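K.L.:
Just one file: query_12.cif, with mmCIF, C-alpha atoms.
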data_query
#
loop_
_atom_site.label_atom_id
_atom_site.label_comp_id
_atom_site.auth_asym_id
_atom_site.auth_seq_id
_atom_site.Cartn_x
_atom_site.Cartn_y
_atom_site.Cartn_z
CA MET I 1 21.41 -34.57 -25.00
CA VAL I 2 19.08 -36.22 -22.50
CA ASP I 3 18.82 -34.66 -19.06
CA TYR I 4 17.97 -37.06 -16.27
CA ASN I 5 16.09 -36.47 -13.08
CA LEU I 6 18.12 -38.23 -10.39
CA GLU I 7 15.91 -37.59 -7.37
CA ARG I 8 14.81 -41.21 -6.93
CA LEU I 9 18.34 -42.60 -6.96
CA ASN I 10 20.11 -43.56 -3.75
CA PHE I 11 23.81 -42.74 -3.58
CA LEU I 12 26.34 -44.13 -1.15
CA ILE I 13 29.47 -41.98 -0.81
CA VAL I 14 32.53 -43.70 0.61
CA ASP I 15 35.50 -41.53 1.52
CA ASP I 16 37.62 -41.24 4.64
CA ASN I 17 37.98 -37.49 4.13
CA LYS I 18 34.97 -35.61 5.47
CA HIS I 19 35.63 -32.64 3.20
CA MET I 20 35.57 -34.76 0.08
CA ARG I 21 32.37 -36.44 1.31
CA ALA I 22 30.83 -33.01 1.80
CA LEU I 23 31.96 -31.97 -1.66
CA VAL I 24 30.50 -35.00 -3.43
CA GLN I 25 27.30 -34.75 -1.44
CA GLY I 26 27.01 -31.02 -2.25
CA ILE I 27 27.43 -31.71 -5.95
CA LEU I 28 24.87 -34.50 -5.92
CA HIS I 29 22.32 -32.38 -4.06
CA ALA I 30 22.81 -29.59 -6.59
CA LEU I 31 22.12 -32.16 -9.32
CA GLY I 32 18.80 -32.96 -7.64
CA VAL I 33 19.74 -36.07 -5.68
CA LYS I 34 17.70 -36.46 -2.49
CA ASN I 35 19.08 -39.60 -0.91
CA CYS I 36 22.77 -39.72 -0.06
CA LEU I 37 24.42 -41.74 2.64
CA ASP I 38 28.03 -41.40 3.79
CA ALA I 39 30.50 -44.04 4.88
CA ILE I 40 34.02 -43.45 6.13
CA ASP I 41 35.69 -46.56 4.71
CA GLY I 42 34.96 -49.79 2.88
CA ALA I 43 33.99 -51.74 6.00
CA ASP I 44 31.56 -49.03 7.10
CA ALA I 45 30.11 -48.86 3.58
CA PHE I 46 29.60 -52.62 3.43
CA LYS I 47 27.71 -52.42 6.73
CA GLU I 48 25.55 -49.57 5.42
CA LEU I 49 24.74 -51.51 2.26
CA ARG I 50 22.84 -54.07 4.33
CA HIS I 51 20.07 -51.60 5.01
CA PHE I 52 20.62 -48.83 2.43
CA PRO I 53 19.54 -49.84 -1.09
CA ALA I 54 22.23 -47.91 -2.95
CA ASP I 55 21.67 -47.47 -6.68
CA ILE I 56 25.16 -46.06 -7.27
CA ILE I 57 28.24 -46.06 -5.04
CA ILE I 58 30.89 -43.36 -5.31
CA CYS I 59 34.02 -44.64 -3.68
CA ASP I 60 37.48 -43.33 -2.85
CA TRP I 61 40.48 -45.64 -3.21
CA ASN I 62 42.75 -44.91 -0.24
CA MET I 63 40.98 -45.73 2.99
CA GLN I 64 41.71 -47.66 6.16
CA PRO I 65 41.10 -50.42 7.14
CA LEU I 66 39.25 -51.49 3.99
CA ASP I 67 40.22 -49.55 0.87
CA GLY I 68 38.08 -48.90 -2.19
CA LEU I 69 39.54 -51.77 -4.15
CA ASP I 70 38.94 -54.39 -1.44
CA PHE I 71 35.49 -52.93 -0.86
CA THR I 72 34.66 -53.34 -4.56
CA ARG I 73 35.86 -56.95 -4.52
CA LEU I 74 33.82 -57.59 -1.37
CA VAL I 75 30.68 -56.14 -2.95
CA ARG I 76 31.18 -58.17 -6.11
CA THR I 77 32.23 -61.51 -4.68
CA GLY I 78 31.51 -61.50 -0.94
CA LYS I 79 29.17 -64.34 0.04
CA ASP I 80 27.06 -61.97 2.12
CA SER I 81 27.12 -59.08 -0.37
CA PRO I 82 23.72 -57.35 -0.35
CA ASN I 83 24.04 -56.25 -3.98
CA PRO I 84 26.87 -57.65 -6.14
CA PHE I 85 25.58 -55.75 -9.20
CA VAL I 86 25.53 -52.24 -7.77
CA PRO I 87 27.39 -49.77 -10.03
CA ILE I 88 30.56 -48.38 -8.45
CA ILE I 89 32.35 -45.20 -9.49
CA MET I 90 35.93 -45.11 -8.26
CA LEU I 91 36.86 -41.52 -7.48
CA THR I 92 40.56 -41.26 -6.87
CA GLY I 93 43.77 -39.33 -7.26
CA HIS I 94 45.43 -42.47 -8.63
CA THR I 95 45.66 -42.02 -12.37
CA GLU I 96 48.49 -44.36 -13.27
CA MET I 97 47.66 -46.88 -15.96
CA ASN I 98 48.23 -49.92 -13.76
CA ARG I 99 45.93 -48.47 -11.09
CA VAL I 100 43.14 -47.87 -13.59
CA VAL I 101 43.43 -51.44 -14.82
CA GLU I 102 43.52 -52.71 -11.23
CA ALA I 103 40.31 -50.84 -10.39
CA ARG I 104 38.62 -52.12 -13.51
CA ASP I 105 39.67 -55.67 -12.69
CA ALA I 106 38.28 -55.34 -9.18
CA GLY I 107 34.89 -54.65 -10.79
CA VAL I 108 34.30 -50.90 -10.84
CA HIS I 109 31.96 -49.52 -13.49
CA GLU I 110 33.52 -46.09 -13.89
CA PHE I 111 36.80 -44.48 -12.92
CA MET I 112 36.98 -40.79 -12.21
CA ALA I 113 40.28 -39.02 -11.63
CA LYS I 114 40.41 -36.30 -8.99
CA PRO I 115 40.26 -33.30 -9.13
CA ILE I 116 36.51 -33.70 -9.19
CA SER I 117 34.15 -31.61 -11.33
CA ALA I 118 30.36 -31.61 -11.40
CA LYS I 119 30.33 -32.15 -15.14
CA GLY I 120 32.73 -35.07 -14.88
CA LEU I 121 30.75 -36.75 -12.13
CA TYR I 122 27.46 -36.36 -13.98
CA ALA I 123 29.06 -37.79 -17.13
CA ARG I 124 29.97 -40.96 -15.19
CA ILE I 125 26.44 -41.22 -13.72
CA LYS I 126 24.95 -40.80 -17.18
CA ALA I 127 27.22 -43.48 -18.58
CA ILE I 128 25.97 -45.89 -15.93
CA ILE I 129 22.33 -45.07 -16.68
CA GLU I 130 22.67 -45.20 -20.45
CA ARG I 131 25.04 -48.13 -20.84
CA PRO I 132 23.96 -50.87 -18.43
CA ARG I 133 26.61 -53.54 -18.60
CA PRO I 134 26.16 -57.28 -18.42
CA PHE I 135 28.07 -59.00 -15.66
CA VAL I 136 30.65 -61.62 -16.31
CA ARG I 137 31.93 -64.48 -14.22
CA ALA I 138 35.27 -65.52 -15.69
CA GLY I 139 37.82 -67.32 -13.57
CA MET I 140 38.49 -65.21 -10.50
CA TYR I 141 36.66 -62.21 -11.95
CA PHE I 142 33.11 -61.27 -11.26
CA GLY I 143 31.92 -57.84 -12.29
CA PRO I 144 30.73 -55.68 -15.15
CA ASP I 145 31.86 -56.81 -18.58
CA ARG I 146 35.24 -55.19 -19.06
CA ARG I 147 34.81 -55.02 -22.82
CA ARG I 148 32.67 -51.94 -23.00
CA ARG I 149 32.88 -50.98 -26.63
CA ASP I 150 29.77 -51.95 -28.51
CA ASN I 151 31.01 -52.16 -32.06
CA PRO I 152 28.88 -54.30 -34.39
CA ALA I 153 31.41 -53.81 -37.18
CA TYR I 154 34.15 -55.46 -35.15
CA ARG I 155 35.39 -58.59 -36.93
CA GLY I 156 38.53 -59.29 -35.00
CA THR I 157 39.17 -62.02 -32.47
CA GLU I 158 37.54 -61.93 -29.08
CA ARG I 159 39.82 -60.57 -26.39
CA ARG I 160 39.04 -61.15 -22.78
CA LYS I 161 42.37 -61.51 -21.05
CA SER I 162 44.84 -59.98 -23.40
CA ASP I 163 43.49 -56.43 -23.43
CA ASP I 164 45.82 -55.00 -20.87
CA GLU I 165 48.53 -57.58 -20.47
CA SER I 166 50.41 -56.68 -23.58
CA GLY I 167 51.28 -53.07 -22.93
CA GLY I 168 54.07 -51.71 -20.80
CA GLY I 169 54.14 -48.39 -19.02
CA GLY I 170 52.18 -49.67 -16.04
CA GLY I 171 52.88 -46.60 -13.95
CA ALA I 172 52.33 -43.97 -16.64
CA GLU I 173 50.10 -41.08 -15.59
CA LEU I 174 46.88 -40.81 -17.55
CA SER I 175 44.52 -37.93 -18.18
CA GLN I 176 40.80 -38.51 -17.66
CA GLU I 177 40.42 -38.88 -21.44
CA GLU I 178 43.15 -41.50 -21.51
CA VAL I 179 41.57 -43.28 -18.56
CA GLN I 180 38.31 -43.39 -20.48
CA ALA I 181 40.01 -44.64 -23.63
CA LEU I 182 41.71 -47.39 -21.65
CA LEU I 183 38.43 -48.47 -20.07
CA ASP I 184 36.63 -48.38 -23.40
CA ASN I 185 39.09 -50.69 -25.10
CA MET D 1 40.15 -74.55 -23.48
CA SER D 2 39.42 -71.08 -24.76
CA ASP D 3 38.78 -68.26 -22.33
CA ASP D 4 35.18 -67.88 -23.39
CA GLU D 5 34.27 -71.49 -22.49
CA SER D 6 34.57 -70.64 -18.79
CA VAL D 7 32.77 -67.32 -19.07
CA LYS D 8 29.28 -66.86 -17.75
CA VAL D 9 27.41 -63.74 -18.73
CA ILE D 10 24.62 -62.45 -16.51
CA THR D 11 22.28 -59.59 -17.31
CA PRO D 12 21.33 -57.89 -14.07
CA PRO D 13 17.93 -56.22 -13.80
CA ASN D 14 18.16 -52.62 -15.00
CA THR D 15 16.58 -50.79 -12.11
CA LEU D 16 18.25 -47.44 -12.76
CA LYS D 17 16.49 -46.64 -16.00
CA SER D 18 13.11 -47.14 -14.36
CA LYS D 19 14.05 -44.84 -11.47
CA VAL D 20 15.29 -41.88 -13.48
CA ARG D 21 12.98 -39.62 -15.43
CA GLU D 22 14.09 -38.05 -18.68
CA GLY D 23 13.73 -34.26 -18.88
CA GLY D 24 11.22 -32.10 -17.05
CA SER D 25 11.49 -30.24 -13.80
CA GLY D 26 14.39 -31.25 -11.57
CA SER D 27 16.42 -32.85 -14.33
CA VAL D 28 20.13 -32.13 -14.67
CA ASP D 29 20.32 -29.27 -17.12
CA MET D 30 23.01 -26.65 -17.63
CA ALA D 31 21.64 -24.60 -14.74
CA ALA D 32 21.88 -27.58 -12.36
CA LEU D 33 25.44 -28.22 -13.48
CA ALA D 34 26.29 -24.56 -12.90
CA ARG D 35 24.77 -24.80 -9.40
CA ALA D 36 26.86 -27.88 -8.72
CA GLU D 37 30.03 -26.12 -9.86
CA ALA D 38 29.05 -23.22 -7.59
CA VAL D 39 28.91 -25.64 -4.65
CA ILE D 40 32.53 -26.48 -5.35
CA ALA D 41 33.45 -22.79 -5.50
CA ASP D 42 31.62 -22.14 -2.22
CA LEU D 43 33.65 -24.83 -0.51
CA ALA D 44 36.93 -23.28 -1.65
CA ASP D 45 37.11 -21.06 1.44
CA SER D 46 36.73 -24.07 3.71
CA TYR D 47 39.42 -25.78 1.69
CA LEU D 48 41.86 -23.04 2.61
CA GLU D 49 41.19 -23.78 6.28
CA TRP D 50 41.66 -27.52 6.16
CA VAL D 51 44.59 -27.49 3.76
CA GLU D 52 46.47 -25.61 6.48
CA GLU D 53 45.92 -28.66 8.69
CA ASP D 54 47.22 -30.89 5.90
CA LEU D 55 50.32 -28.69 5.57
CA VAL D 56 51.00 -29.10 9.29
CA LYS D 57 50.40 -32.85 9.02
CA ILE D 58 52.73 -33.32 6.06
CA ARG D 59 55.47 -31.24 7.71
CA ARG D 60 55.14 -33.40 10.83
CA ALA D 61 55.29 -36.54 8.70
CA HIS D 62 58.43 -35.17 7.04
CA ASP D 63 60.03 -34.51 10.44
CA GLU D 64 59.19 -38.03 11.60
CA LEU D 65 60.70 -39.38 8.40
CA SER D 66 63.80 -37.33 9.03
CA ALA D 67 64.12 -38.87 12.50
CA ASN D 68 63.69 -42.40 11.17
CA MET D 69 65.92 -42.54 8.14
CA ASP D 70 67.25 -45.98 9.06
CA ASN D 71 63.79 -47.50 8.66
CA PRO D 72 61.86 -45.02 6.52
CA GLU D 73 59.23 -47.10 4.71
CA LYS D 74 56.31 -46.43 7.07
CA TYR D 75 57.16 -42.72 7.25
CA VAL D 76 57.56 -42.37 3.49
CA ASP D 77 54.13 -43.91 3.15
CA ALA D 78 52.68 -41.37 5.60
CA VAL D 79 54.08 -38.48 3.54
CA PHE D 80 52.79 -40.13 0.36
CA GLN D 81 49.26 -40.54 1.70
CA ILE D 82 48.96 -36.91 2.75
CA ALA D 83 50.48 -35.66 -0.52
CA HIS D 84 48.10 -37.92 -2.43
CA ASP D 85 45.08 -36.45 -0.62
CA MET D 86 46.34 -32.94 -1.27
CA LYS D 87 46.76 -33.78 -4.93
CA GLY D 88 43.12 -34.89 -5.19
CA GLN D 89 41.72 -31.96 -3.25
CA GLY D 90 43.73 -29.03 -4.63
CA GLY D 91 42.38 -28.95 -8.16
CA SER D 92 38.90 -29.87 -6.96
CA PHE D 93 38.78 -26.53 -5.16
CA GLY D 94 40.51 -24.45 -7.79
CA TYR D 95 44.09 -24.83 -6.57
CA ASP D 96 45.55 -26.64 -9.54
CA LEU D 97 49.14 -26.01 -8.46
CA MET D 98 48.49 -28.08 -5.34
CA THR D 99 47.46 -30.97 -7.56
CA ILE D 100 50.61 -30.58 -9.65
CA LEU D 101 52.87 -30.35 -6.60
CA GLY D 102 51.10 -33.17 -4.76
CA ASN D 103 51.40 -35.38 -7.80
CA ASP D 104 55.08 -34.55 -8.36
CA LEU D 105 55.84 -35.25 -4.71
CA CYS D 106 54.00 -38.58 -4.88
CA ARG D 107 55.93 -39.56 -8.01
CA PHE D 108 59.20 -38.52 -6.36
CA ILE D 109 58.79 -40.67 -3.25
CA GLU D 110 56.73 -43.51 -4.68
CA GLY D 111 58.29 -46.89 -4.00
CA LYS D 112 61.35 -45.49 -2.25
CA LYS D 113 62.67 -48.02 0.24
CA THR D 114 65.67 -45.96 1.27
CA LEU D 115 66.12 -42.22 1.39
CA SER D 116 69.11 -39.94 1.18
CA ASN D 117 69.40 -36.57 2.88
CA THR D 118 69.06 -35.05 -0.59
CA ASP D 119 65.74 -36.82 -1.05
CA LEU D 120 64.64 -35.44 2.30
CA SER D 121 65.57 -31.94 1.18
CA VAL D 122 63.54 -32.34 -1.99
CA ILE D 123 60.50 -33.46 0.01
CA SER D 124 60.93 -30.46 2.26
CA LEU D 125 61.11 -28.17 -0.76
CA TYR D 126 57.84 -29.52 -2.11
CA ILE D 127 56.16 -28.94 1.25
CA ASP D 128 57.50 -25.38 1.44
CA THR D 129 56.29 -24.71 -2.09
CA MET D 130 52.81 -26.02 -1.32
CA LYS D 131 52.77 -23.77 1.72
CA LEU D 132 53.73 -20.81 -0.45
CA VAL D 133 50.98 -21.57 -2.97
CA ILE D 134 48.39 -21.54 -0.19
CA SER D 135 49.71 -18.53 1.69
CA LYS D 136 49.84 -16.50 -1.55
CA ARG D 137 46.43 -17.84 -2.58
CA MET D 138 47.73 -18.93 -5.96
CA SER D 139 44.53 -20.42 -7.31
CA GLY D 140 44.09 -21.80 -10.83
CA ASP D 141 47.40 -22.12 -12.61
CA GLY D 142 48.83 -19.45 -10.31
CA GLY D 143 49.35 -16.98 -13.12
CA SER D 144 52.86 -15.91 -14.01
CA GLU D 145 53.91 -15.95 -10.36
CA GLY D 146 52.71 -19.52 -9.98
CA GLN D 147 54.50 -20.63 -13.10
CA LYS D 148 57.69 -18.98 -11.85
CA VAL D 149 57.37 -20.86 -8.57
CA LEU D 150 56.99 -24.18 -10.40
CA ALA D 151 59.91 -23.46 -12.70
CA GLY D 152 62.05 -22.35 -9.75
CA LEU D 153 61.23 -25.51 -7.84
CA ALA D 154 62.07 -27.70 -10.82
CA MET D 155 65.38 -25.92 -11.20
CA VAL D 156 66.33 -26.31 -7.54
CA VAL D 157 65.30 -29.97 -7.47
CA LYS D 158 67.41 -30.59 -10.56
CA LYS D 159 70.34 -28.83 -9.02
CA ILE D 160 70.33 -30.63 -5.68
CA THR D 161 69.62 -34.04 -7.14
CA GLY D 162 72.23 -33.52 -9.82
CA GLY D 163 69.62 -34.47 -12.44
#
Spit out the file's structure as structure tokens when you get a sec.

P.N.:
Amino acid sequence: MVDYNLERLNFLIVDDNKHMRALVQGILHALGVKNCLDAIDGADAFKELRHFPADIIICDWNMQPLDGLDFTRLVRTGKDSPNPFVPIIMLTGHTEMNRVVEARDAGVHEFMAKPISAKGLYARIKAIIERPRPFVRAGMYFGPDRRRRDNPAYRGTERRKSDDESGGGGGAELSQEEVQALLDN
Amino acid sequence: MSDDESVKVITPPNTLKSKVREGGSGSVDMAALARAEAVIADLADSYLEWVEEDLVKIRRAHDELSANMDNPEKYVDAVFQIAHDMKGQGGSFGYDLMTILGNDLCRFIEGKKTLSNTDLSVISLYIDTMKLVISKRMSGDGGSEGQKVLAGLAMVVKKITGG
């Protein structure tokens, strides 16, 4: 297993709850991160992005006035977005299947279900470092390629739209493993 | 036209890989991960302070809901938001029962446009149970006492909702 030194990475933490911001920042510092900036909602974060060169954004979902989903869309497709390619980790208590798909379709790289753990957060950061994803512009979507599985043996038909439109159970609760499996398919 | 005809693939510059160093001093090893988990444990005491504020807030939101049963949507949403935050925070700080209760409460009220007095009683029960978990410091899975509390709550909810 490769251990990474994260001290040169800039993290932007976006959460309206100061305790959760403190928690994420504390974890990152313990992992060796030196540069963290906080924002209290999506609008504040977008403003900060103009002068803070974030390498990774860790973002809550429920925030006012601009929530994590709208913020992600703004970063990806806003005309004045300072960095449409910046990796975004959505950190949220929403673990229903339809919510995970919604976040993915807004253009997040990784989805992490609260409760938060240091190991879980580092696993998402590692995934971003080790598996850089191409970006795709397809119809209304602009963001990381949603087909993440790299399987050279795959001989089936290409699936871009149908991946998540066939299944039911939109509100079913998922574990973090199930979230990952859904994102990897 | 197939989907792929309108798809444009862009490979962004990979700046991350050049900014992280593999191995060596300061890299994220098991000790760093243990330190990070310790940060979470250290914040658990603070959690117990601010969760008290959340318990007051959610009780107030419940009372406002109770006073506005003819037009409850906004007030249901307020209860949902607080319960949702409590769900995310509880387990993060070692109070897994708070995550379970917060989640169950969210699922119970999610999407409700109208509310009965029975529904209101159920919400109140969840809030009381969360308060009990915190006052008795039932961390982790709460042990046998915690499991009894959860089972008791489920039984009462079933009884009053006729489920």

K.L.:
Would you kindly return, as a count of residues only, each protein, DNA or RNA residue with an atom no farther than 12 Å from any atom of Gly143 of chain I, considering only C-alpha atoms and excluding same-chain residues fewer than 6 positions away?

P.N.:
32

K.L.:
Please write the residues picked by the PyMOL selection byres ((chain D) within 6 of (chain I)) on this file as number ranges by chain.

P.N.:
D: 7-11, 19-23, 26-29, 32, 35-37, 88, 91-92

K.L.:
Give me the box for segment 126-130 of chain I as lines of an AutoDock Vina configuration file, namely the centre and edge lengths in Å to one decimal of a box along x, y and z that holds every listed atom plus 4 Å on each side.

P.N.:
center_x = 24.8
center_y = -43.3
center_z = -18.2
size_x = 12.9
size_y = 13.1
size_z = 12.5

K.L.:
For the PyMOL selection byres ((chain D and resi 77-85) around 8), applied here, can you spell out every residue it catches as a list of chain:residue names?

P.N.:
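Checking the PyMOL selection byres ((chain D and resi 77-85) around 8) against this file, the residues are I:Gly93, D:Asp54, D:Lys57, D:Ile58, D:Ala61, D:His62, D:Glu73, D:Lys74, D:Tyr75, D:Val76, D:Met86, D:Lys87, D:Gly88, D:Gln89, D:Gly102, D:Asn103, D:Leu105, D:Cys106, D:Ile109, D:Glu110.
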
K.L.:
In Å, rounded to a single decimal, give me how far atom CA of Val157 of chain D is from atom CA of Ser121 of chain D.

P.N.:
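These atoms are spaced 8.9 Å apart.
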
K.L.:
Emit segment 26-111 of chain I of the structure in the block as a file comprising C-alpha atoms, as an mmCIF file, in the first residue's frame.

P.N.:
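And here's part-v2.cif as it stands now:
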data_model
loop_
_atom_site.group_PDB
_atom_site.id
_atom_site.type_symbol
_atom_site.label_atom_id
_atom_site.label_comp_id
_atom_site.auth_asym_id
_atom_site.auth_seq_id
_atom_site.Cartn_x
_atom_site.Cartn_y
_atom_site.Cartn_z
ATOM 1 C CA GLY I 26 -8.592 18.208 12.493
ATOM 2 C CA ILE I 27 -8.497 14.945 10.575
ATOM 3 C CA LEU I 28 -6.721 16.518 7.617
ATOM 4 C CA HIS I 29 -4.118 18.176 9.829
ATOM 5 C CA ALA I 30 -3.456 14.847 11.538
ATOM 6 C CA LEU I 31 -2.925 13.364 8.069
ATOM 7 C CA GLY I 32 -0.254 15.994 7.419
ATOM 8 C CA VAL I 33 -2.254 18.536 5.438
ATOM 9 C CA LYS I 34 -0.968 22.090 5.925
ATOM 10 C CA ASN I 35 -3.329 24.191 3.853
ATOM 11 C CA CYS I 36 -7.032 24.069 4.649
ATOM 12 C CA LEU I 37 -9.570 26.770 4.051
ATOM 13 C CA ASP I 38 -13.143 26.796 5.362
ATOM 14 C CA ALA I 39 -16.325 28.014 3.743
ATOM 15 C CA ILE I 40 -19.768 28.076 5.308
ATOM 16 C CA ASP I 41 -21.847 27.348 2.210
ATOM 17 C CA GLY I 42 -21.597 26.900 -1.539
ATOM 18 C CA ALA I 43 -21.703 30.623 -2.339
ATOM 19 C CA ASP I 44 -18.938 31.369 0.158
ATOM 20 C CA ALA I 45 -16.878 28.470 -1.213
ATOM 21 C CA PHE I 46 -17.266 29.670 -4.795
ATOM 22 C CA LYS I 47 -16.012 33.091 -3.704
ATOM 23 C CA GLU I 48 -13.032 31.527 -1.920
ATOM 24 C CA LEU I 49 -12.151 29.472 -4.992
ATOM 25 C CA ARG I 50 -11.329 32.663 -6.879
ATOM 26 C CA HIS I 51 -8.211 33.192 -4.815
ATOM 27 C CA PHE I 52 -7.607 29.809 -3.138
ATOM 28 C CA PRO I 53 -6.189 27.196 -5.524
ATOM 29 C CA ALA I 54 -7.960 24.199 -4.003
ATOM 30 C CA ASP I 55 -6.646 20.796 -5.057
ATOM 31 C CA ILE I 56 -9.531 18.921 -3.419
ATOM 32 C CA ILE I 57 -12.873 20.174 -2.110
ATOM 33 C CA ILE I 58 -14.701 18.389 0.693
ATOM 34 C CA CYS I 59 -18.286 19.503 0.620
ATOM 35 C CA ASP I 60 -21.424 18.967 2.681
ATOM 36 C CA TRP I 61 -24.773 18.615 0.913
ATOM 37 C CA ASN I 62 -27.300 20.516 3.042
ATOM 38 C CA MET I 63 -26.388 24.180 3.194
ATOM 39 C CA GLN I 64 -28.123 27.505 2.700
ATOM 40 C CA PRO I 65 -28.374 29.441 0.438
ATOM 41 C CA LEU I 66 -26.297 27.374 -1.999
ATOM 42 C CA ASP I 67 -26.195 23.660 -1.210
ATOM 43 C CA GLY I 68 -23.453 21.201 -2.082
ATOM 44 C CA LEU I 69 -25.183 19.963 -5.199
ATOM 45 C CA ASP I 70 -25.719 23.422 -6.697
ATOM 46 C CA PHE I 71 -22.190 24.364 -5.705
ATOM 47 C CA THR I 72 -20.827 21.328 -7.564
ATOM 48 C CA ARG I 73 -22.838 22.221 -10.668
ATOM 49 C CA LEU I 74 -21.616 25.814 -10.428
ATOM 50 C CA VAL I 75 -17.993 24.701 -10.183
ATOM 51 C CA ARG I 76 -18.384 22.337 -13.124
ATOM 52 C CA THR I 77 -20.445 24.453 -15.485
ATOM 53 C CA GLY I 78 -20.423 28.046 -14.223
ATOM 54 C CA LYS I 79 -19.056 30.443 -16.841
ATOM 55 C CA ASP I 80 -16.849 32.118 -14.248
ATOM 56 C CA SER I 81 -15.765 28.900 -12.504
ATOM 57 C CA PRO I 82 -12.104 29.226 -11.457
ATOM 58 C CA ASN I 83 -11.491 25.473 -11.734
ATOM 59 C CA PRO I 84 -14.138 23.241 -13.350
ATOM 60 C CA PHE I 85 -11.909 20.165 -12.943
ATOM 61 C CA VAL I 86 -11.269 20.354 -9.205
ATOM 62 C CA PRO I 87 -12.052 17.025 -7.472
ATOM 63 C CA ILE I 88 -15.022 17.224 -5.109
ATOM 64 C CA ILE I 89 -15.782 14.799 -2.294
ATOM 65 C CA MET I 90 -19.401 14.984 -1.182
ATOM 66 C CA LEU I 91 -19.561 14.308 2.545
ATOM 67 C CA THR I 92 -23.145 13.848 3.607
ATOM 68 C CA GLY I 93 -25.676 12.064 5.742
ATOM 69 C CA HIS I 94 -27.760 11.396 2.629
ATOM 70 C CA THR I 95 -27.197 7.784 1.704
ATOM 71 C CA GLU I 96 -30.296 6.999 -0.309
ATOM 72 C CA MET I 97 -29.626 5.558 -3.740
ATOM 73 C CA ASN I 98 -31.297 8.398 -5.626
ATOM 74 C CA ARG I 99 -29.236 10.951 -3.684
ATOM 75 C CA VAL I 100 -25.976 9.183 -4.505
ATOM 76 C CA VAL I 101 -26.884 9.131 -8.183
ATOM 77 C CA GLU I 102 -27.926 12.792 -8.009
ATOM 78 C CA ALA I 103 -24.567 13.775 -6.507
ATOM 79 C CA ARG I 104 -22.697 11.761 -9.099
ATOM 80 C CA ASP I 105 -24.699 13.384 -11.878
ATOM 81 C CA ALA I 106 -23.922 16.840 -10.514
ATOM 82 C CA GLY I 107 -20.240 15.998 -11.023
ATOM 83 C CA VAL I 108 -18.762 14.902 -7.699
ATOM 84 C CA HIS I 109 -15.722 12.631 -7.778
ATOM 85 C CA GLU I 110 -16.321 10.775 -4.533
ATOM 86 C CA PHE I 111 -19.233 10.314 -2.177
#
